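Data file: protein-v5.pdb. Format and content: PDB, C-alpha atoms and all ligand atoms.
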```pdb
ATOM      1  CA  MET A   1      -9.721  39.229 -37.838  1.00  0.00           C
ATOM      2  CA  VAL A   2     -12.087  41.213 -35.648  1.00  0.00           C
ATOM      3  CA  HIS A   3     -11.283  41.220 -31.981  1.00  0.00           C
ATOM      4  CA  ALA A   4     -13.787  42.440 -29.366  1.00  0.00           C
ATOM      5  CA  ILE A   5     -13.551  43.400 -25.709  1.00  0.00           C
ATOM      6  CA  PHE A   6     -16.238  42.309 -23.256  1.00  0.00           C
ATOM      7  CA  PRO A   7     -15.660  44.534 -20.207  1.00  0.00           C
ATOM      8  CA  GLY A   8     -17.259  44.395 -16.791  1.00  0.00           C
ATOM      9  CA  SER A   9     -16.906  43.851 -13.069  1.00  0.00           C
ATOM     10  CA  PHE A  10     -17.912  40.169 -13.250  1.00  0.00           C
ATOM     11  CA  ASP A  11     -18.342  40.041  -9.473  1.00  0.00           C
ATOM     12  CA  PRO A  12     -19.199  37.240 -10.093  1.00  0.00           C
ATOM     13  CA  LEU A  13     -19.679  35.843 -13.617  1.00  0.00           C
ATOM     14  CA  THR A  14     -23.315  34.855 -14.234  1.00  0.00           C
ATOM     15  CA  ASN A  15     -25.052  32.719 -16.842  1.00  0.00           C
ATOM     16  CA  GLY A  16     -26.163  35.989 -18.431  1.00  0.00           C
ATOM     17  CA  HIS A  17     -22.511  36.926 -19.074  1.00  0.00           C
ATOM     18  CA  VAL A  18     -21.819  33.433 -20.457  1.00  0.00           C
ATOM     19  CA  ASP A  19     -24.830  33.714 -22.780  1.00  0.00           C
ATOM     20  CA  LEU A  20     -23.609  37.084 -24.093  1.00  0.00           C
ATOM     21  CA  LEU A  21     -20.113  35.770 -24.621  1.00  0.00           C
ATOM     22  CA  HIS A  22     -21.333  32.876 -26.759  1.00  0.00           C
ATOM     23  CA  ARG A  23     -23.350  35.339 -28.846  1.00  0.00           C
ATOM     24  CA  ALA A  24     -20.265  37.527 -29.246  1.00  0.00           C
ATOM     25  CA  LEU A  25     -18.198  34.557 -30.432  1.00  0.00           C
ATOM     26  CA  LYS A  26     -20.671  34.075 -33.303  1.00  0.00           C
ATOM     27  CA  LEU A  27     -19.918  37.618 -34.478  1.00  0.00           C
ATOM     28  CA  PHE A  28     -16.233  38.130 -33.710  1.00  0.00           C
ATOM     29  CA  ASP A  29     -13.065  36.094 -34.242  1.00  0.00           C
ATOM     30  CA  SER A  30     -11.910  36.430 -30.642  1.00  0.00           C
ATOM     31  CA  VAL A  31     -13.083  38.093 -27.450  1.00  0.00           C
ATOM     32  CA  THR A  32     -11.142  39.439 -24.479  1.00  0.00           C
ATOM     33  CA  VAL A  33     -13.116  39.336 -21.250  1.00  0.00           C
ATOM     34  CA  ALA A  34     -11.795  42.437 -19.460  1.00  0.00           C
ATOM     35  CA  VAL A  35     -12.261  42.450 -15.701  1.00  0.00           C
ATOM     36  CA  LEU A  36     -12.127  45.885 -14.089  1.00  0.00           C
ATOM     37  CA  VAL A  37      -9.726  45.756 -11.154  1.00  0.00           C
ATOM     38  CA  ASN A  38     -11.449  48.264  -8.897  1.00  0.00           C
ATOM     39  CA  ALA A  39     -15.036  47.860 -10.043  1.00  0.00           C
ATOM     40  CA  GLU A  40     -16.433  48.421  -6.582  1.00  0.00           C
ATOM     41  CA  LYS A  41     -14.711  49.642  -3.474  1.00  0.00           C
ATOM     42  CA  LYS A  42     -15.384  46.306  -1.881  1.00  0.00           C
ATOM     43  CA  PRO A  43     -16.051  43.573  -4.438  1.00  0.00           C
ATOM     44  CA  LEU A  44     -17.089  40.170  -3.086  1.00  0.00           C
ATOM     45  CA  PHE A  45     -14.341  38.416  -5.056  1.00  0.00           C
ATOM     46  CA  THR A  46     -10.811  39.717  -5.543  1.00  0.00           C
ATOM     47  CA  CYS A  47      -9.786  40.459  -9.088  1.00  0.00           C
ATOM     48  CA  GLU A  48      -7.599  37.330  -9.129  1.00  0.00           C
ATOM     49  CA  ALA A  49     -10.520  35.183  -7.961  1.00  0.00           C
ATOM     50  CA  ARG A  50     -12.820  36.665 -10.611  1.00  0.00           C
ATOM     51  CA  LEU A  51     -10.242  35.982 -13.337  1.00  0.00           C
ATOM     52  CA  ARG A  52      -9.754  32.426 -12.082  1.00  0.00           C
ATOM     53  CA  LEU A  53     -13.479  31.728 -12.020  1.00  0.00           C
ATOM     54  CA  ILE A  54     -14.043  33.134 -15.495  1.00  0.00           C
ATOM     55  CA  ARG A  55     -11.162  31.050 -16.900  1.00  0.00           C
ATOM     56  CA  ARG A  56     -12.599  27.958 -15.247  1.00  0.00           C
ATOM     57  CA  CYS A  57     -16.100  28.540 -16.634  1.00  0.00           C
ATOM     58  CA  LEU A  58     -15.350  29.497 -20.233  1.00  0.00           C
ATOM     59  CA  PRO A  59     -13.801  27.488 -23.058  1.00  0.00           C
ATOM     60  CA  PRO A  60     -10.263  28.814 -23.755  1.00  0.00           C
ATOM     61  CA  ASP A  61     -10.706  28.737 -27.524  1.00  0.00           C
ATOM     62  CA  ARG A  62     -10.846  32.304 -28.947  1.00  0.00           C
ATOM     63  CA  ILE A  63     -11.343  33.770 -25.447  1.00  0.00           C
ATOM     64  CA  HIS A  64      -8.771  35.719 -23.429  1.00  0.00           C
ATOM     65  CA  VAL A  65      -9.400  36.710 -19.826  1.00  0.00           C
ATOM     66  CA  LEU A  66      -7.474  39.713 -18.483  1.00  0.00           C
ATOM     67  CA  SER A  67      -7.829  42.428 -15.872  1.00  0.00           C
ATOM     68  CA  PHE A  68      -7.638  46.134 -16.624  1.00  0.00           C
ATOM     69  CA  ASP A  69      -7.357  49.383 -14.773  1.00  0.00           C
ATOM     70  CA  GLY A  70      -7.866  52.900 -16.072  1.00  0.00           C
ATOM     71  CA  LEU A  71      -9.775  53.801 -19.209  1.00  0.00           C
ATOM     72  CA  LEU A  72     -11.443  51.007 -21.133  1.00  0.00           C
ATOM     73  CA  VAL A  73     -10.638  52.606 -24.504  1.00  0.00           C
ATOM     74  CA  ASP A  74      -6.916  52.640 -23.606  1.00  0.00           C
ATOM     75  CA  PHE A  75      -7.091  48.936 -22.794  1.00  0.00           C
ATOM     76  CA  ALA A  76      -8.973  48.247 -26.052  1.00  0.00           C
ATOM     77  CA  ARG A  77      -6.361  50.177 -28.067  1.00  0.00           C
ATOM     78  CA  LYS A  78      -3.543  48.213 -26.414  1.00  0.00           C
ATOM     79  CA  ARG A  79      -5.309  44.959 -27.350  1.00  0.00           C
ATOM     80  CA  GLY A  80      -5.863  46.171 -30.910  1.00  0.00           C
ATOM     81  CA  ALA A  81      -9.638  45.928 -30.483  1.00  0.00           C
ATOM     82  CA  LYS A  82     -12.140  48.278 -32.093  1.00  0.00           C
ATOM     83  CA  VAL A  83     -15.286  46.726 -30.641  1.00  0.00           C
ATOM     84  CA  LEU A  84     -16.692  46.868 -27.109  1.00  0.00           C
ATOM     85  CA  ILE A  85     -19.482  44.459 -26.238  1.00  0.00           C
ATOM     86  CA  ARG A  86     -22.099  45.360 -23.674  1.00  0.00           C
ATOM     87  CA  GLY A  87     -25.263  43.528 -22.692  1.00  0.00           C
ATOM     88  CA  LEU A  88     -28.655  45.227 -22.753  1.00  0.00           C
ATOM     89  CA  ARG A  89     -31.151  43.423 -20.574  1.00  0.00           C
ATOM     90  CA  ALA A  90     -34.010  45.858 -20.321  1.00  0.00           C
ATOM     91  CA  VAL A  91     -34.932  49.480 -20.986  1.00  0.00           C
ATOM     92  CA  SER A  92     -33.587  50.301 -17.531  1.00  0.00           C
ATOM     93  CA  ASP A  93     -30.045  49.519 -18.741  1.00  0.00           C
ATOM     94  CA  TYR A  94     -30.347  51.860 -21.683  1.00  0.00           C
ATOM     95  CA  GLU A  95     -29.571  55.231 -20.116  1.00  0.00           C
ATOM     96  CA  TYR A  96     -26.391  54.149 -18.315  1.00  0.00           C
ATOM     97  CA  GLU A  97     -25.196  52.118 -21.291  1.00  0.00           C
ATOM     98  CA  CYS A  98     -25.908  54.983 -23.661  1.00  0.00           C
ATOM     99  CA  GLN A  99     -23.900  57.404 -21.502  1.00  0.00           C
ATOM    100  CA  MET A 100     -21.008  54.982 -21.335  1.00  0.00           C
ATOM    101  CA  ALA A 101     -21.057  54.269 -25.092  1.00  0.00           C
ATOM    102  CA  MET A 102     -21.153  57.992 -25.910  1.00  0.00           C
ATOM    103  CA  MET A 103     -18.317  58.746 -23.490  1.00  0.00           C
ATOM    104  CA  ASN A 104     -16.209  55.953 -24.961  1.00  0.00           C
ATOM    105  CA  ARG A 105     -16.973  57.218 -28.483  1.00  0.00           C
ATOM    106  CA  ASP A 106     -15.966  60.713 -27.408  1.00  0.00           C
ATOM    107  CA  LEU A 107     -12.691  59.319 -26.058  1.00  0.00           C
ATOM    108  CA  ASP A 108     -12.024  57.245 -29.177  1.00  0.00           C
ATOM    109  CA  PRO A 109     -14.304  57.623 -32.224  1.00  0.00           C
ATOM    110  CA  ASP A 110     -12.733  54.549 -33.873  1.00  0.00           C
ATOM    111  CA  ILE A 111     -14.045  52.192 -31.189  1.00  0.00           C
ATOM    112  CA  GLU A 112     -17.646  51.007 -31.544  1.00  0.00           C
ATOM    113  CA  THR A 113     -19.888  49.681 -28.780  1.00  0.00           C
ATOM    114  CA  VAL A 114     -22.032  46.736 -29.849  1.00  0.00           C
ATOM    115  CA  PHE A 115     -25.023  45.835 -27.670  1.00  0.00           C
ATOM    116  CA  LEU A 116     -26.192  42.254 -27.364  1.00  0.00           C
ATOM    117  CA  MET A 117     -29.331  40.979 -25.669  1.00  0.00           C
ATOM    118  CA  PRO A 118     -29.182  37.871 -23.504  1.00  0.00           C
ATOM    119  CA  LYS A 119     -31.673  35.017 -23.582  1.00  0.00           C
ATOM    120  CA  SER A 120     -34.915  36.342 -22.059  1.00  0.00           C
ATOM    121  CA  CYS A 121     -34.603  34.135 -18.958  1.00  0.00           C
ATOM    122  CA  TYR A 122     -31.500  36.159 -18.023  1.00  0.00           C
ATOM    123  CA  SER A 123     -33.024  39.579 -18.666  1.00  0.00           C
ATOM    124  CA  PHE A 124     -33.543  40.144 -14.923  1.00  0.00           C
ATOM    125  CA  LEU A 125     -30.209  38.725 -13.856  1.00  0.00           C
ATOM    126  CA  SER A 126     -27.376  40.764 -12.348  1.00  0.00           C
ATOM    127  CA  SER A 127     -24.264  39.945 -10.321  1.00  0.00           C
ATOM    128  CA  ARG A 128     -25.571  42.216  -7.579  1.00  0.00           C
ATOM    129  CA  MET A 129     -28.823  40.218  -7.237  1.00  0.00           C
ATOM    130  CA  VAL A 130     -26.935  36.924  -7.338  1.00  0.00           C
ATOM    131  CA  LYS A 131     -24.721  38.061  -4.441  1.00  0.00           C
ATOM    132  CA  GLU A 132     -27.679  39.292  -2.441  1.00  0.00           C
ATOM    133  CA  VAL A 133     -29.755  36.136  -2.931  1.00  0.00           C
ATOM    134  CA  ALA A 134     -26.811  33.760  -2.389  1.00  0.00           C
ATOM    135  CA  GLY A 135     -25.798  35.681   0.726  1.00  0.00           C
ATOM    136  CA  LEU A 136     -29.287  35.237   2.162  1.00  0.00           C
ATOM    137  CA  GLY A 137     -29.273  31.506   1.450  1.00  0.00           C
ATOM    138  CA  GLY A 138     -31.407  31.566  -1.729  1.00  0.00           C
ATOM    139  CA  ASP A 139     -30.930  29.181  -4.639  1.00  0.00           C
ATOM    140  CA  VAL A 140     -28.920  30.654  -7.516  1.00  0.00           C
ATOM    141  CA  SER A 141     -27.816  27.340  -9.021  1.00  0.00           C
ATOM    142  CA  HIS A 142     -29.677  28.035 -12.291  1.00  0.00           C
ATOM    143  CA  LEU A 143     -28.188  31.524 -12.583  1.00  0.00           C
ATOM    144  CA  VAL A 144     -24.431  30.962 -12.346  1.00  0.00           C
ATOM    145  CA  PRO A 145     -21.940  28.373 -13.667  1.00  0.00           C
ATOM    146  CA  PRO A 146     -21.175  25.491 -11.231  1.00  0.00           C
ATOM    147  CA  ALA A 147     -17.703  26.836 -10.308  1.00  0.00           C
ATOM    148  CA  VAL A 148     -19.211  30.202  -9.359  1.00  0.00           C
ATOM    149  CA  LEU A 149     -21.881  28.468  -7.289  1.00  0.00           C
ATOM    150  CA  THR A 150     -19.197  26.595  -5.369  1.00  0.00           C
ATOM    151  CA  ALA A 151     -17.207  29.814  -4.847  1.00  0.00           C
ATOM    152  CA  LEU A 152     -20.321  31.627  -3.571  1.00  0.00           C
ATOM    153  CA  LYS A 153     -21.090  28.796  -1.150  1.00  0.00           C
ATOM    154  CA  GLU A 154     -17.523  28.789   0.156  1.00  0.00           C
ATOM    155  CA  LYS A 155     -17.510  32.563   0.483  1.00  0.00           C
ATOM    156  CA  PHE A 156     -20.759  32.811   2.419  1.00  0.00           C
ATOM    157  CA  ASP A 157     -20.095  29.723   4.566  1.00  0.00           C
ATOM    158  CA  LEU A 158     -16.720  31.149   5.521  1.00  0.00           C
ATOM    159  CA  ASP A 159     -18.244  34.563   6.198  1.00  0.00           C
ATOM    160  CA  ASP A 160     -20.835  32.923   8.470  1.00  0.00           C
ATOM    161  CA  ARG A 161     -18.066  31.223  10.360  1.00  0.00           C
ATOM    162  CA  ASP A 162     -16.206  34.535  10.689  1.00  0.00           C
ATOM    163  CA  ASP A 163     -19.329  36.142  12.138  1.00  0.00           C
ATOM    164  CA  ARG A 164     -19.690  33.537  14.881  1.00  0.00           C
ATOM    165  CA  PRO A 165     -18.724  34.895  18.236  1.00  0.00           C
ATOM    166  CA  SER A 166     -15.580  33.268  19.570  1.00  0.00           C
ATOM    167  CA  LEU A 167     -16.171  31.280  22.715  1.00  0.00           C
TER     168      LEU A 167
HETATM  169  O1  LIG B   1     -20.085  45.302 -15.102  1.00  0.00           O
HETATM  170  P1  LIG B   1     -20.093  46.783 -15.026  1.00  0.00           P
HETATM  171  O2  LIG B   1     -19.757  47.220 -13.622  1.00  0.00           O
HETATM  172  O3  LIG B   1     -21.360  47.390 -15.522  1.00  0.00           O
HETATM  173  O4  LIG B   1     -18.906  47.311 -15.972  1.00  0.00           O
HETATM  174  C1  LIG B   1     -18.611  48.680 -16.044  1.00  0.00           C
HETATM  175  C2  LIG B   1     -17.314  48.936 -16.834  1.00  0.00           C
HETATM  176  C3  LIG B   1     -16.166  48.120 -16.276  1.00  0.00           C
HETATM  177  C4  LIG B   1     -17.522  48.538 -18.275  1.00  0.00           C
HETATM  178  C5  LIG B   1     -17.023  50.458 -16.736  1.00  0.00           C
HETATM  179  O5  LIG B   1     -17.072  50.847 -15.407  1.00  0.00           O
HETATM  180  C6  LIG B   1     -15.671  50.841 -17.320  1.00  0.00           C
HETATM  181  O6  LIG B   1     -15.435  50.732 -18.501  1.00  0.00           O
HETATM  182  N1  LIG B   1     -14.769  51.332 -16.452  1.00  0.00           N
HETATM  183  C7  LIG B   1     -13.431  51.746 -16.848  1.00  0.00           C
HETATM  184  C8  LIG B   1     -13.265  53.252 -16.722  1.00  0.00           C
HETATM  185  C9  LIG B   1     -13.660  53.971 -17.999  1.00  0.00           C
HETATM  186  O7  LIG B   1     -13.182  53.692 -19.080  1.00  0.00           O
HETATM  187  N2  LIG B   1     -14.582  54.944 -17.868  1.00  0.00           N
HETATM  188  C10 LIG B   1     -15.040  55.745 -18.989  1.00  0.00           C
HETATM  189  C11 LIG B   1     -16.226  55.135 -19.703  1.00  0.00           C
HETATM  190  S1  LIG B   1     -17.669  55.316 -18.765  1.00  0.00           S
END
```

Render the structure in this file as C-alpha cells.
Ligand code: PNS
Amino acid sequence: MVHAIFPGSFDPLTNGHVDLLHRALKLFDSVTVAVLVNAEKKPLFTCEARLRLIRRCLPPDRIHVLSFDGLLVDFARKRGAKVLIRGLRAVSDYEYECQMAMMNRDLDPDIETVFLMPKSCYSFLSSRMVKEVAGLGGDVSHLVPPAVLTALKEKFDLDDRDDRPSL
C-alpha cells in the first residue's frame, strides 16, 4: 500500500487541486490532503472552513483530509507516508518547488516528492487569483467546485455588508 500526502494551503480548494488529486489517486492507494494551519498570516478561510470545504468537495473513498502544523516531513512520517505530491503548473513554479523538494529531501531522504501536472486549462489557476477575482465580483464558477463558489460568495457578500457604514 503506498500512501501519499498532498500538502498545501488550499485557501481555497480549486479545480486545479481536484484535478491533481484525481491523478494522484491513479498512482497511489490513498492520499491525505494536508492543510497547513498557518499558511498565510491572514487566510481568507479558517483552517476548519478549508477542511470542511475540501471534505465536501472530494469523494471520501481513499482520501483523508487533515490539518498540519510544523514540518511537512514530520507530518508525513507520522502518517507513514513516503510520498509528497506537488503540482507543477508552469516553469514559474519550478524554482520554488525545487527548493522545497530539496529541503524536504535534506530533512528526510526517504521521502520523495512527486510532481504532477494539471489539465492545461488549470495551468494558470491559483487560489490567490481565485480570491482576487471573486473578491472583485468576477466569475470563478468554472474554476472552483460548487461548494467553494458558494463559500466565496457568502464570504464576499458578508464582507461587503461589514464594510457598509452604519447609519
Ligand atoms: O499551497 P502552498 O502554500 O504552496 O503549500 C506550501 C506548503 C504547505 C506545502 C509548505 O509551505 C509547507 O510544507 N509548509 C510546512 C513547513 C515545512 O515543512 N517547511 C519546510 C519545507 S519548505

- Message: the PyMOL selection byres (((not hetatm)) within 12 of (chain B and resi 1)) - which residues does that actually catch in the file I just gave you? List them as a PyMOL selection string.
- Response: chain A and resi 5-14+16-17+33-41+43+67-77+84-89+93-108+113+126-128

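With all atoms listed in the file as the atoms that count, the residue of A:Lys42, A:Arg56, A:His64, A:Lys153 with the shortest distance to Ser30 (chain A) is A:His64.
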
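Reported to one decimal place, the separation of CA of Lys82 (chain A) from CA of Arg62 (chain A) is 16.3 Å.
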
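CA of Leu53 (chain A) sits 19.1 Å away from CA of Asp139 (chain A).
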
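With all atoms listed in the file as the atoms that count, the minimum distance from Pro60 (chain A) to the choices A:Ser92, A:Leu25, A:Val83, A:Gly137 is reached by A:Leu25.
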
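For the pair CA of Asp29 (chain A) and CA of Gly80 (chain A), the interatomic distance is 12.8 Å.
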
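Of the residues listed (A:Leu44, A:Met117, A:Val148, A:Asp157), A:Met117 shows the shortest atom-to-atom separation from Ala24 (chain A); distances use all atoms listed in the file.
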
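Every protein, DNA or RNA residue with an atom at most 10 Å from Leu58 (chain A), where only C-alpha atoms count and chain neighbours fewer than 3 positions away do not, is listed here: Val18, Leu21, His22, Leu53, Ile54, Arg55, Asp61, Ile63, His64, Val65 and Pro145 of chain A.
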
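For the residues A:Met129, A:Lys155, A:Cys47, A:Ala81, ranking by smallest atom-to-atom distance to Glu112 (chain A) using all atoms listed in the file places A:Ala81 first.
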